[in-house]
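Enquirer: The structure is given below, and queries will be raised subsequently.
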Amino acid sequence: MTVTELSPSTAYKVTGPRVLRSEWAKFWSLRSSWITLGVAVFLLVLFGAIASYTYSPDATGTAGPPGPGNGADSSAVSLALTGVTFASLAVGVLGVLLSAGEYSTGMIRSTLTAVPRRLPVLWSKAAVIGPIALVLSALGALAAFQLGGPGLDGEKIALSLGDDGVLRSLAGAGLYLGLVAVFGVALGVLIRSSAGAIASLVGILLILPGLANLLPDSLYDSINPYFPSNAGSAVYALHQSSDALSPGAGLAVFAGWVALALAGAAFRLAKSDV
């Protein structure tokens, strides 16, 4: 063997970058990836633009439709981010399909045969979809804000990109949706069923905060800000209400939920058969 030749064991060694490239190619080879990402961005832009162009102040001229994370107060940012809830379902479902879809088709056996250490598969899936969802969602939020701007000309709530907190909120929406996509991947690996993981995603993000209203007021007020979707909304809220977390605290709490789901998924992936 010459100096430039590689032994078979070296040539076919499983490494993190190779697993990452494999998951990247797998992600973009699926039509569902393109379609679901397109739907997420479309919903984000569409609902944000509609909310901005249909906004009208109340009789006092101080408030309009409720915005995400802002109670009854509206701003150009909260209106632009009206579609975040719908986009979060789309990117979350995409994360579930990226992971649980392999269990449905049986492809997971081939994947784990090629990567016997298993955990790099989970990390690579998360590393692929998270940044993609983050970047595209942030661009969608920016587009929604810019498209809705002309509809708010002359209104007191109108803002520009240079105003304090605007770019942070738009980037925060992208960060939140990127974490939701990773959350979907973790639930898919943990539950191993597309239908079950999607139902869990919807329940955790949308239904759980509503059910918490049945709790005593004192307990509800204490735990409400720490539910995943409520903590996540604090990340991209321009103004925080008195009972909401700060953007940094909201990010830490929601990232903790995602890390907890990833830890559970990693444990099951490593310890149980496929």
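A note on labels: chains of the structure tokens are A, B, ... as shown, every chain counts residues from 1, and ligands are counted from 1 in their shown order.
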What's the 10 Å shell around Leu139 (chain A), counting only C-alpha atoms, without same-chain residues fewer than 5 positions away, as a ChimeraX atom specification?

Expert: /A:41,44-45,133-134,144-145,170-171,173-174

Enquirer: Can I get the selection written as a tab-separated table (two decimals), in the first residue's frame, with all heavy atoms?

Expert:
```
chain	number	residue	atom	x	y	z
A	41	VAL	N	-42.96	28.87	6.08
A	41	VAL	CA	-42.60	30.25	5.74
A	41	VAL	C	-43.81	30.98	5.17
A	41	VAL	O	-44.06	32.16	5.48
A	41	VAL	CB	-41.42	30.28	4.75
A	41	VAL	CG1	-41.13	31.71	4.30
A	41	VAL	CG2	-40.17	29.67	5.39
A	44	LEU	N	-46.18	31.95	7.91
A	44	LEU	CA	-45.60	33.03	8.71
A	44	LEU	C	-45.78	34.38	8.01
A	44	LEU	O	-46.19	35.37	8.63
A	44	LEU	CB	-44.12	32.73	8.94
A	44	LEU	CG	-43.35	33.60	9.93
A	44	LEU	CD1	-43.99	33.56	11.30
A	44	LEU	CD2	-41.90	33.13	10.03
A	45	VAL	N	-45.48	34.40	6.72
A	45	VAL	CA	-45.60	35.65	5.96
A	45	VAL	C	-47.05	36.02	5.74
A	45	VAL	O	-47.45	37.19	5.92
A	45	VAL	CB	-44.86	35.51	4.61
A	45	VAL	CG1	-45.08	36.76	3.76
A	45	VAL	CG2	-43.37	35.29	4.83
A	133	ALA	N	-34.37	25.52	9.82
A	133	ALA	CA	-35.62	26.13	10.27
A	133	ALA	C	-35.38	27.52	10.86
A	133	ALA	O	-36.18	28.44	10.65
A	133	ALA	CB	-36.30	25.23	11.30
A	134	LEU	N	-34.29	27.68	11.58
A	134	LEU	CA	-33.97	28.98	12.18
A	134	LEU	C	-33.79	30.05	11.11
A	134	LEU	O	-34.41	31.12	11.18
A	134	LEU	CB	-32.71	28.85	13.04
A	134	LEU	CG	-32.29	30.05	13.91
A	134	LEU	CD1	-31.37	29.57	15.03
A	134	LEU	CD2	-31.59	31.14	13.12
A	144	ALA	N	-42.44	39.11	6.66
A	144	ALA	CA	-43.77	39.47	7.16
A	144	ALA	C	-43.77	40.89	7.73
A	144	ALA	O	-44.72	41.65	7.51
A	144	ALA	CB	-44.20	38.47	8.23
A	145	PHE	N	-42.72	41.25	8.44
A	145	PHE	CA	-42.62	42.59	9.01
A	145	PHE	C	-42.53	43.65	7.92
A	145	PHE	O	-43.20	44.69	7.98
A	145	PHE	CB	-41.40	42.67	9.93
A	145	PHE	CG	-41.20	44.00	10.58
A	145	PHE	CD1	-41.93	44.36	11.70
A	145	PHE	CD2	-40.28	44.91	10.07
A	145	PHE	CE1	-41.76	45.61	12.30
A	145	PHE	CE2	-40.09	46.15	10.66
A	145	PHE	CZ	-40.83	46.50	11.78
A	170	LEU	N	-37.55	39.59	15.78
A	170	LEU	CA	-37.64	38.82	14.53
A	170	LEU	C	-36.66	37.65	14.54
A	170	LEU	O	-37.01	36.53	14.13
A	170	LEU	CB	-37.38	39.73	13.34
A	170	LEU	CG	-38.36	40.89	13.16
A	170	LEU	CD1	-37.97	41.74	11.96
A	170	LEU	CD2	-39.79	40.39	13.01
A	171	ALA	N	-35.44	37.90	15.02
A	171	ALA	CA	-34.47	36.81	15.12
A	171	ALA	C	-34.92	35.79	16.17
A	171	ALA	O	-34.72	34.59	16.02
A	171	ALA	CB	-33.09	37.37	15.47
A	173	ALA	N	-37.96	34.93	16.85
A	173	ALA	CA	-38.96	34.06	16.24
A	173	ALA	C	-38.29	32.93	15.47
A	173	ALA	O	-38.72	31.77	15.54
A	173	ALA	CB	-39.87	34.87	15.32
A	174	GLY	N	-37.23	33.26	14.73
A	174	GLY	CA	-36.50	32.22	14.01
A	174	GLY	C	-35.85	31.23	14.95
A	174	GLY	O	-35.87	30.02	14.72
```

Enquirer: My list of candidates is A:Leu179, A:Ala51, A:Leu94, A:Leu147. Which is closest to Val253 (chain A) when distances are computed with only C-alpha atoms?

Expert: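 Of all the options, A:Leu179 lies closest to Val253 (chain A).
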
Enquirer: Quick one: residues within 12 Å of Lys271 (chain A), only C-alpha atoms, excluding same-chain residues fewer than 5 positions away - as a list in words?

Expert: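 The residues satisfying every condition are Arg117, Arg118, Leu119, Leu190, Gly264, Ala265 and Ala266 of chain A.
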
Enquirer: Work out how far CA of Gly130 (chain A) is from CA of Lys26 (chain A), in Å to one decimal.

Expert: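 According to the coordinates, CA of Lys26 (chain A) and CA of Gly130 (chain A) are separated by 14.9 Å.
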
Enquirer: So, counting only C-alpha atoms, which residue among A:Glu23, A:Leu260, A:Ser74, A:Tyr236 is closest to Arg168 (chain A)?

Expert: A:Tyr236

Enquirer: I'd like to know which of A:Met107, A:Leu136, A:Val93, A:Ile129 is closest to Trp24 (chain A), using only C-alpha atoms.

Expert: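 Nearest to Trp24 (chain A): A:Ile129.
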
Enquirer: Counting only C-alpha atoms, which residue out of A:Leu175, A:Val135, A:Val96, A:Leu245 sits closest to Ser200 (chain A)?

Expert: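 Checking each candidate against Ser200 (chain A), we get A:Val96 as the closest.
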
Enquirer: Give me the residues within 12 Å of Gly210 (chain A) as a PyMOL selection string, counting only C-alpha atoms and dropping any in the same chain fewer than 6 places off.

Expert: chain A and resi 202-204+220+224+227+229-230

Enquirer: Tell me, as a JSON list (two decimals) with N, CA and C atoms, in the first residue's frame, which residues lie within 10 Å of Phe183 (chain A), counting only C-alpha atoms; anything in the same chain fewer than 2 positions away does not count.

Expert:
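Wrote it out as out_5.json, contents follow:
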```json
[["chain", "number", "residue", "atom", "x", "y", "z"],
["A", 91, "VAL", "N", -43.07, 23.32, 11.25],
["A", 91, "VAL", "CA", -41.68, 22.92, 11.44],
["A", 91, "VAL", "C", -41.56, 21.79, 12.45],
["A", 92, "GLY", "N", -42.46, 21.78, 13.45],
["A", 92, "GLY", "CA", -42.45, 20.69, 14.41],
["A", 92, "GLY", "C", -42.81, 19.37, 13.76],
["A", 93, "VAL", "N", -43.84, 19.39, 12.91],
["A", 93, "VAL", "CA", -44.22, 18.18, 12.17],
["A", 93, "VAL", "C", -43.08, 17.73, 11.26],
["A", 95, "GLY", "N", -39.90, 18.10, 11.81],
["A", 95, "GLY", "CA", -38.93, 17.43, 12.66],
["A", 95, "GLY", "C", -39.36, 16.02, 13.02],
["A", 96, "VAL", "N", -40.65, 15.85, 13.30],
["A", 96, "VAL", "CA", -41.17, 14.51, 13.61],
["A", 96, "VAL", "C", -40.99, 13.58, 12.41],
["A", 126, "ALA", "N", -30.82, 16.64, 14.36],
["A", 126, "ALA", "CA", -31.08, 17.91, 15.04],
["A", 126, "ALA", "C", -30.23, 19.04, 14.46],
["A", 130, "GLY", "N", -32.40, 22.07, 12.68],
["A", 130, "GLY", "CA", -32.44, 23.26, 13.53],
["A", 130, "GLY", "C", -31.99, 24.53, 12.83],
["A", 177, "LEU", "N", -38.53, 28.87, 16.42],
["A", 177, "LEU", "CA", -39.00, 27.88, 15.46],
["A", 177, "LEU", "C", -37.91, 26.85, 15.14],
["A", 178, "GLY", "N", -36.65, 27.27, 15.16],
["A", 178, "GLY", "CA", -35.57, 26.30, 15.00],
["A", 178, "GLY", "C", -35.56, 25.29, 16.14],
["A", 179, "LEU", "N", -35.78, 25.75, 17.36],
["A", 179, "LEU", "CA", -35.83, 24.84, 18.51],
["A", 179, "LEU", "C", -37.07, 23.94, 18.46],
["A", 180, "VAL", "N", -38.18, 24.47, 17.95],
["A", 180, "VAL", "CA", -39.38, 23.63, 17.79],
["A", 180, "VAL", "C", -39.10, 22.48, 16.84],
["A", 181, "ALA", "N", -38.37, 22.75, 15.76],
["A", 181, "ALA", "CA", -38.03, 21.69, 14.80],
["A", 181, "ALA", "C", -37.19, 20.61, 15.48],
["A", 185, "VAL", "N", -37.92, 16.51, 16.24],
["A", 185, "VAL", "CA", -36.99, 15.39, 16.01],
["A", 185, "VAL", "C", -36.90, 14.53, 17.26],
["A", 186, "ALA", "N", -36.74, 15.17, 18.41],
["A", 186, "ALA", "CA", -36.61, 14.43, 19.67],
["A", 186, "ALA", "C", -37.87, 13.62, 19.98],
["A", 187, "LEU", "N", -39.04, 14.22, 19.79],
["A", 187, "LEU", "CA", -40.29, 13.50, 20.04],
["A", 187, "LEU", "C", -40.44, 12.33, 19.09],
["A", 188, "GLY", "N", -40.01, 12.51, 17.83],
["A", 188, "GLY", "CA", -40.11, 11.42, 16.86],
["A", 188, "GLY", "C", -39.27, 10.23, 17.24],
["A", 201, "LEU", "N", -46.72, 16.66, 20.14],
["A", 201, "LEU", "CA", -46.24, 18.01, 19.84],
["A", 201, "LEU", "C", -47.37, 19.02, 19.97],
["A", 254, "PHE", "N", -37.24, 27.22, 27.42],
["A", 254, "PHE", "CA", -37.65, 26.41, 26.26],
["A", 254, "PHE", "C", -36.52, 25.51, 25.78],
["A", 255, "ALA", "N", -35.29, 26.02, 25.79],
["A", 255, "ALA", "CA", -34.15, 25.18, 25.43],
["A", 255, "ALA", "C", -34.01, 24.02, 26.40],
["A", 257, "TRP", "N", -36.56, 22.47, 27.89],
["A", 257, "TRP", "CA", -37.55, 21.48, 27.45],
["A", 257, "TRP", "C", -37.02, 20.67, 26.27],
["A", 258, "VAL", "N", -36.41, 21.36, 25.31],
["A", 258, "VAL", "CA", -35.87, 20.67, 24.13],
["A", 258, "VAL", "C", -34.74, 19.72, 24.54],
["A", 259, "ALA", "N", -33.86, 20.18, 25.43],
["A", 259, "ALA", "CA", -32.76, 19.33, 25.89],
["A", 259, "ALA", "C", -33.30, 18.10, 26.63],
["A", 260, "LEU", "N", -34.36, 18.29, 27.41],
["A", 260, "LEU", "CA", -34.96, 17.16, 28.13],
["A", 260, "LEU", "C", -35.52, 16.13, 27.15],
["A", 261, "ALA", "N", -36.19, 16.60, 26.11],
["A", 261, "ALA", "CA", -36.72, 15.68, 25.09],
["A", 261, "ALA", "C", -35.59, 14.97, 24.36],
["A", 262, "LEU", "N", -34.52, 15.70, 24.05],
["A", 262, "LEU", "CA", -33.37, 15.08, 23.38],
["A", 262, "LEU", "C", -32.71, 14.03, 24.27]]
```

Enquirer: In Å, how far is it from CA of Leu167 (chain A) to CA of Ala237 (chain A)?

Expert: 11.1 Å

Enquirer: Just list the residues in region 2-146 of chain A DSSP gives helix (DSSP H, G or I) on the backbone, as number ranges by chain.

Expert: A: 8-11, 16-29, 31-53, 76-80, 84-105, 107-114, 119-146

Enquirer: List the neighbours of region 120-122 of chain A out to 10 Å using only C-alpha atoms; skip same-chain residues closer than 5 positions along the sequence, and give me the result as JSON, numbers by chain.

Expert: {"A": [14, 15, 16, 17, 18, 19, 20, 22, 23, 99, 108, 111, 112, 114, 115, 127, 182, 185, 186, 189, 262, 265, 266, 269]}
